[in-house]
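> Below: one structure in structure tokens.
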There are 4 protein chains.
Amino acid sequence: MIIIMSNNATDKEIKAVEQRLTDYGFKTHPIYGEMKTVIGAIGDKRRLTMDQLKLMSGVENVVPIMRPYKLAGRELKKDPTVIDVNGVKIGGSHLAVFAGPCAIESHEQFSFIAQKVKESGANILRGGAFKPRSSPYSFAGLEGEGLKIMRKAGDETGMPICTEVLDTRDVELVASYADIMQIGARKMQKFKLLREVGKCNKPILLKRGLSSTMEEWLMAAEYIMSEGNENVILCERGIRTFEPSTRNTFDLSAIPVSKELSHLPIIADPSHAAGTYKYVDALAKGAVAAGADGLMIEVHNCPEKAMSDGEQSLTPEHFEALMKELRPIAEAVGKTL
Amino acid sequence: MIIIMSNNATDKEIKAVEQRLTDYGFKTHPIYGEMKTVIGAIGDKRRLTMDQLKLMSGVENVVPIMRPYKLAGRELKKDPTVIDVNGVKIGGSHLAVFAGPCAIESHEQFSFIAQKVKESGANILRGGAFKPRSSPYSFAGLEGEGLKIMRKAGDETGMPICTEVLDTRDVELVASYADIMQIGARKMQKFKLLREVGKCNKPILLKRGLSSTMEEWLMAAEYIMSEGNENVILCERGIRTFEPSTRNTFDLSAIPVSKELSHLPIIADPSHAAGTYKYVDALAKGAVAAGADGLMIEVHNCPEKAMSDGEQSLTPEHFEALMKELRPIAEAVGKTL
Amino acid sequence: MIIIMSNNATDKEIKAVEQRLTDYGFKTHPIYGEMKTVIGAIGDKRRLTMDQLKLMSGVENVVPIMRPYKLAGRELKKDPTVIDVNGVKIGGSHLAVFAGPCAIESHEQFSFIAQKVKESGANILRGGAFKPRSSPYSFAGLEGEGLKIMRKAGDETGMPICTEVLDTRDVELVASYADIMQIGARKMQKFKLLREVGKCNKPILLKRGLSSTMEEWLMAAEYIMSEGNENVILCERGIRTFEPSTRNTFDLSAIPVSKELSHLPIIADPSHAAGTYKYVDALAKGAVAAGADGLMIEVHNCPEKAMSDGEQSLTPEHFEALMKELRPIAEAVGKTL
Amino acid sequence: MIIIMSNNATDKEIKAVEQRLTDYGFKTHPIYGEMKTVIGAIGDKRRLTMDQLKLMSGVENVVPIMRPYKLAGRELKKDPTVIDVNGVKIGGSHLAVFAGPCAIESHEQFSFIAQKVKESGANILRGGAFKPRSSPYSFAGLEGEGLKIMRKAGDETGMPICTEVLDTRDVELVASYADIMQIGARKMQKFKLLREVGKCNKPILLKRGLSSTMEEWLMAAEYIMSEGNENVILCERGIRTFEPSTRNTFDLSAIPVSKELSHLPIIADPSHAAGTYKYVDALAKGAVAAGADGLMIEVHNCPEKAMSDGEQSLTPEHFEALMKELRPIAEAVGKTL
């Protein structure tokens, strides 16, 4: 790391910082400028943190040199990760399409939608059995019953299933049904949950937190990977900004930035970002053209009667039309849909 | 709620919306303007959601009339809530001062700091046994051992203790030691955890999420209260914005806004908002003058060697000086410190 | 508009609001709910503002029904506007490509780049003669001399030219050279400047302010249009958020949202949004796929030596490759490039 | 500055960066770590910019060492600046109170309010003659006529007057009437206007832009100061965030941060931040307690009928009560009101 001393730091203060670094096993490289002294330090940051150095007298700032994530980063693993879920590939030249309703409401509803999205070209089935709801008075999902319905629809259609796990106590149960487990945006920094799913051997879909930086997101992936589970799929679903015309602001740049910093596949969830079905087409097309490895799209047979997030769901007919329009765009960027 | 029809909505579309509302037991009050029709609807929103109405043909927007929180709101309970924790009062004319280190490191360290902050005027002891850390490679707290150390220091000094609970599985354990349980900013929308602590009969300190609106925050309080636990203390600790000079942006307005919308007490955590000890004094004074019911301040005997968040901790000497400076400000706004 | 009275508003307060509305020529439609009274009011909001009503005793909130922009909105003009600049069309099925360096440095440099971007398929030449710079010590542009160089290069290549006007005093001068005048992001709410360019008969490229909502942006267009100049081109160039990995966050949703709210054409500026050439390809492709009517891209023959914004400029070779990759995407969404 | 090379930078790339730095007169100090090479460079950044270096092959990042502002910064001038306007001092231990209506509506109105705020303890008169309005259909101020009314009221009450200048063409006119000229939030980066007022010998009140960082704000002050006018007063008036319950989020930390980085006085404008009179008291008290050098508060004799911003104005009675409550707080932090 680089320690920047303030303009009026004394020789004594500079020496004290150098001494402390040396005591903790760092090699120091001071640079004496006209106005400021700067000290380069090479060593193990875990032993002496940047925070601790910032507090020393005469220190103006401390700048890190190395990125904090190792396993999720591109520095040690150059090739993009391709995840295989029962034969469906996520990453590389494959475009994964996760589709299904927000909440699982009944076997009849779910099975119908599953069949429809499969026919239109979706290759992974999504749905919510446990639903995080911002009001305690809203429908919170069918829970265990929902998992069974989902598994059955997955088996009927031959599609892997992806569903969210909300709580450490439910990890075992959800893992026994799901092919891919989802960590929702509001739980991206629920570190105990990250550790638990890191111990499973199921791929994890990790949604970006509403106010998470790219670095924090990759650190959340690092949590999962540091427990031994390297099959993490990133999912951009919009960040919180001042703009009220969409529920969240879909951050298109997250796609090329994650490709630069990480080898993990990244998909886009235009439904949750927009918060309304009206903008899903445009965001989905934009995401694919920008290089996303897949999409997650909410589809409901009767959005007006959906028990959760109807406003942002596509009808099966709308979804089918979108899939047709996506194909030439996917091809233009070298992906097969 | 109010349904705003679009300019070119047809009579048929307007009738369909009215019919649907009537079918679900709403009373409708249409207003026909020159350009637009607007329909007032009185009834139970849980039966027919705003989302579902927004999707009907010809509907431009749906505006709620009632606030979504009941128990946390000021409409049904006018008087400010005062919470009594072993004789220490939070709310009303009492200024609660929570102080202590970020992480509990040892009995010796914790006991020393506890004694010091008590002497300076703190009345509640804070400390972290379970620590949420953004890197999987950082110190995560002494966990159970930390709780015992904390309880002991609380008993020695006669101060109630407040500590964070991270996971539903730990609620019972933490509740058996702590006097106040804290829900951290990153878990403010961890709804299953909110429900669990709502079932305990211990006061809950609910930190505002980094990107949570006032309404979402009060809805999180509503989750806890809807389980029967009405002793919720709000804690403003900064929100995420574009400004990099502080870790988060301390939202001073949260104090008067919460006082208008809710009867719950609100305290301020200047340490986490600022991310550096340098601005803690100014924010603490500002918060008290603006009407906060208390403060939560990190104090460490040797910030340079703290295992977590040293950069934002005050030394015991600094804390003592701050407490002295706070007294006349507290008095000026009618609070006793 | 809709006036929402607070739960405990008295009959007298409700009557006073109704009376005031009647006095100002509004027709009132009160709706008496169990908890709250709501008053629908039809009339001319310019005579009695929402602000004024909000201050009346017993009023909780006032909700607008009509959008504040008329000329820029889609309610009165359904068909998308297509702007013709010397035969180059912007809007509809035409994809406009504005390309050129950030700052005009010399005739030799500018003429070379103009030729190159034309060969690759750009159809409008962009460049800065007057440069807004955040430091008073940075290069501020060749000003009048730059305009001449630009005009000459435009005539040589047969391309319309687009350049920024910073100050009301320069409008006449810039208008005498430019085919399209640009209002920069930092001046989007410089209302006197908007009025001045509204009096010119040249198309105006209106960049979105860094922290402007869609509504504020369309109100800025309304300023220009209210002076008689209806040829406004919107340009999304990223908004300010907490994410530091790009200079600004490119708001892809601005494309479908503007298409819903307004008939004006919208283009995307991926160079300024990203702040680095590395992400320009992905953002440009995403914007076209999402339905943008054009792109504005910075190209410099030697980015490493550019006097302004080199970091975000493409080389002519990079630009040529991008244009080739964009063609099939443009075709897939029904645009000709 | 510090150049951080990427992990896989070749020796040739490292040498090329060193050579380039040497060519431009920099002294280089390479530090060779196990994974990365870092190059410290001492020299004149205006000759070779960070942007240009970032584009060189093998460069990962470039980190600045010196702050970009000199005149506004605290490094060269340690003592806080105290500005004297006709005997009223701003800065140091003096609390300046700017009060008056948003817009000047008539001599009668303005003179009445001026008298009232003076009696309550205000020492500078504020009012808008030129009004920036987000709608072209709103009242835009009395312009020249307003300046005359304001001057007269200032002379009658013996208070200096402060008013906004919107356009470079109006600087001379406004300067001939006003004692302090205000640069509004939306014009904080209107660089030509900053240069013009920098040439006047009147103090400048510089509002923070809605989405400006502290550094950008101080760079705007630097623009003014680099033209020779060192009498700049900073004014925090809220930044744009995701929180909708206030018009903007008042950034209390701006006060201690500016005190650390700059010697310029800083005042707070709670009226514009809150957007409603209801929260003005709390924000005003908080700002004074946190160390602000003054306040700017909107006062209107009849807010319900104000032609602009009535919602956020205090009545003269409310203002008088607030001033009384502020006195003990000001005293507690060593300021005289």
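Every chain in the structure tokens has a letter given in the order shown (A, B, ...), and although residue numbers restart at 1 in each chain, ligands are simply numbered from 1 in the order shown.
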Excluding A:Ile255 and any residue of its chain fewer than 3 positions from it, enumerate the residues within 7 Å of it, using only C-alpha atoms, and give them as a list in words.
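After dropping sequence-adjacent residues, the list is Leu252, Ser258, Lys259, Ile266, Ala290, Gly291 and Ala292 of chain A.
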> Could you tell me which residues of chain C sit within 8 Å of chain B when counting only C-alpha atoms, and give me the result as an MDAnalysis selection string?
chainID C and resid 4 7 29 31 33 40 42 65 75 240:243
> Pull the helix (DSSP H, G or I) assignments for stretch 36-110 of chain C out of DSSP run on the backbone, and list those residues as a ChimeraX atom specification.
/C:50-54,107-110
> Please dump the current selection as a compact mmCIF listing (two decimals), in the first residue's frame; keep N, CA and C atoms.

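Output below, filename again-v1.txt:
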# COMPACT_ATOMS: atom_id res chain seq x y z
N MET C 50 -49.51 24.10 -5.90
CA MET C 50 -49.54 23.00 -4.96
C MET C 50 -48.84 23.38 -3.66
N ASP C 51 -47.75 24.12 -3.79
CA ASP C 51 -47.01 24.61 -2.63
C ASP C 51 -47.90 25.40 -1.69
N GLN C 52 -48.70 26.27 -2.29
CA GLN C 52 -49.56 27.13 -1.47
C GLN C 52 -50.62 26.31 -0.73
N LEU C 53 -51.15 25.29 -1.42
CA LEU C 53 -52.16 24.45 -0.78
C LEU C 53 -51.56 23.60 0.34
N LYS C 54 -50.34 23.12 0.12
CA LYS C 54 -49.71 22.25 1.12
C LYS C 54 -49.58 22.95 2.46
N HIS C 107 -6.22 22.39 -36.83
CA HIS C 107 -6.91 22.02 -38.06
C HIS C 107 -6.45 20.66 -38.54
N GLU C 108 -5.17 20.43 -38.45
CA GLU C 108 -4.59 19.17 -38.91
C GLU C 108 -5.22 17.98 -38.17
N GLN C 109 -5.20 18.08 -36.81
CA GLN C 109 -5.79 17.02 -36.00
C GLN C 109 -7.25 16.80 -36.34
N PHE C 110 -8.00 17.88 -36.37
CA PHE C 110 -9.44 17.75 -36.48
C PHE C 110 -9.86 17.23 -37.85
> Provide the atom CA of C:Cys200 to atom CA of D:Glu196 distance in Å, to one decimal place.
25.0 Å
> Enumerate as a PyMOL selection string all residues of stretch 216-285 of chain B assigned to strand (DSSP E) by DSSP on the backbone, naming them with the chain letters and numbers the document uses.
chain B and resi 232-236+266-268
> Go ahead and save the residues from that selection, with all heavy atoms, as a PDB file, in the first residue's frame.

ATOM      1  N   VAL B 232     -39.044  -0.372  19.845  1.00  0.00           N
ATOM      2  CA  VAL B 232     -38.073  -0.217  18.759  1.00  0.00           C
ATOM      3  C   VAL B 232     -37.440   1.164  18.852  1.00  0.00           C
ATOM      4  O   VAL B 232     -38.138   2.166  19.018  1.00  0.00           O
ATOM      5  CB  VAL B 232     -38.746  -0.412  17.391  1.00  0.00           C
ATOM      6  CG1 VAL B 232     -37.743  -0.191  16.260  1.00  0.00           C
ATOM      7  CG2 VAL B 232     -39.369  -1.801  17.284  1.00  0.00           C
ATOM      8  N   ILE B 233     -36.106   1.199  18.771  1.00  0.00           N
ATOM      9  CA  ILE B 233     -35.352   2.456  18.774  1.00  0.00           C
ATOM     10  C   ILE B 233     -34.751   2.602  17.381  1.00  0.00           C
ATOM     11  O   ILE B 233     -34.024   1.712  16.923  1.00  0.00           O
ATOM     12  CB  ILE B 233     -34.207   2.403  19.813  1.00  0.00           C
ATOM     13  CG1 ILE B 233     -34.752   2.074  21.199  1.00  0.00           C
ATOM     14  CG2 ILE B 233     -33.411   3.709  19.813  1.00  0.00           C
ATOM     15  CD1 ILE B 233     -33.726   1.361  22.085  1.00  0.00           C
ATOM     16  N   LEU B 234     -35.053   3.693  16.694  1.00  0.00           N
ATOM     17  CA  LEU B 234     -34.469   3.934  15.369  1.00  0.00           C
ATOM     18  C   LEU B 234     -33.062   4.483  15.529  1.00  0.00           C
ATOM     19  O   LEU B 234     -32.778   5.199  16.494  1.00  0.00           O
ATOM     20  CB  LEU B 234     -35.336   4.931  14.596  1.00  0.00           C
ATOM     21  CG  LEU B 234     -36.808   4.547  14.413  1.00  0.00           C
ATOM     22  CD1 LEU B 234     -37.591   5.724  13.818  1.00  0.00           C
ATOM     23  CD2 LEU B 234     -36.944   3.309  13.519  1.00  0.00           C
ATOM     24  N   CYS B 235     -32.168   4.162  14.599  1.00  0.00           N
ATOM     25  CA  CYS B 235     -30.809   4.713  14.656  1.00  0.00           C
ATOM     26  C   CYS B 235     -30.332   5.109  13.268  1.00  0.00           C
ATOM     27  O   CYS B 235     -30.101   4.260  12.412  1.00  0.00           O
ATOM     28  CB  CYS B 235     -29.855   3.683  15.290  1.00  0.00           C
ATOM     29  SG  CYS B 235     -28.140   4.272  15.344  1.00  0.00           S
ATOM     30  N   GLU B 236     -30.208   6.426  13.056  1.00  0.00           N
ATOM     31  CA  GLU B 236     -29.688   6.971  11.779  1.00  0.00           C
ATOM     32  C   GLU B 236     -28.173   6.849  11.787  1.00  0.00           C
ATOM     33  O   GLU B 236     -27.513   7.303  12.709  1.00  0.00           O
ATOM     34  CB  GLU B 236     -30.100   8.437  11.634  1.00  0.00           C
ATOM     35  CG  GLU B 236     -29.310   9.258  10.621  1.00  0.00           C
ATOM     36  CD  GLU B 236     -29.498   8.818   9.177  1.00  0.00           C
ATOM     37  OE1 GLU B 236     -30.553   8.259   8.835  1.00  0.00           O
ATOM     38  OE2 GLU B 236     -28.568   9.036   8.382  1.00  0.00           O
ATOM     39  N   ILE B 266     -35.504   8.125  18.256  1.00  0.00           N
ATOM     40  CA  ILE B 266     -34.463   8.005  17.231  1.00  0.00           C
ATOM     41  C   ILE B 266     -33.138   8.500  17.798  1.00  0.00           C
ATOM     42  O   ILE B 266     -33.083   9.568  18.414  1.00  0.00           O
ATOM     43  CB  ILE B 266     -34.838   8.775  15.949  1.00  0.00           C
ATOM     44  CG1 ILE B 266     -33.703   8.648  14.910  1.00  0.00           C
ATOM     45  CG2 ILE B 266     -35.168  10.236  16.211  1.00  0.00           C
ATOM     46  CD1 ILE B 266     -34.073   9.124  13.529  1.00  0.00           C
ATOM     47  N   ILE B 267     -32.087   7.695  17.605  1.00  0.00           N
ATOM     48  CA  ILE B 267     -30.749   8.129  18.019  1.00  0.00           C
ATOM     49  C   ILE B 267     -29.863   8.228  16.780  1.00  0.00           C
ATOM     50  O   ILE B 267     -30.264   7.823  15.689  1.00  0.00           O
ATOM     51  CB  ILE B 267     -30.124   7.169  19.059  1.00  0.00           C
ATOM     52  CG1 ILE B 267     -29.752   5.836  18.418  1.00  0.00           C
ATOM     53  CG2 ILE B 267     -31.063   6.956  20.250  1.00  0.00           C
ATOM     54  CD1 ILE B 267     -28.791   5.008  19.277  1.00  0.00           C
ATOM     55  N   ALA B 268     -28.668   8.786  16.951  1.00  0.00           N
ATOM     56  CA  ALA B 268     -27.753   8.984  15.825  1.00  0.00           C
ATOM     57  C   ALA B 268     -26.436   8.278  16.087  1.00  0.00           C
ATOM     58  O   ALA B 268     -25.944   8.272  17.214  1.00  0.00           O
ATOM     59  CB  ALA B 268     -27.497  10.474  15.621  1.00  0.00           C
TER      60      ALA B 268
END
> For C:Glu227, which residue out of C:Pro265, C:Gly198, C:Arg247, C:Phe139 is the nearest one, using only C-alpha atoms?
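The closest residue to C:Glu227 is C:Gly198.
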> Mind giving me the straight-line distance from atom CA of C:Ser253 to atom CA of C:Pro270 in Å, one decimal?
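Between atom CA of C:Ser253 and atom CA of C:Pro270 the gap is 13.8 Å.
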> Rank C:Gly127, C:Gly158, C:Gly100, C:Gly146 by their smallest atom-to-atom distance to C:Thr315, using only C-alpha atoms, and report the top residue only.
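Of C:Gly127, C:Gly158, C:Gly100, C:Gly146, the one nearest C:Thr315, counting only C-alpha atoms, is C:Gly100.
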> Which distance in Å separates atom CA of A:Leu283 and atom CA of A:Leu210, to one decimal?
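Calculated distance between atom CA of A:Leu283 and atom CA of A:Leu210 is 17.2 Å.
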> So that I can see what lies close to A:Leu295, please list as a ChimeraX atom specification the residues with an atom at most 12 Å from it, counting only C-alpha atoms and leaving out residues fewer than 5 positions away in the same chain.
/A:90-91,94-100,121-126,205,233-237,255,265-272,280-281,283-289,319,322-323,326,330,337
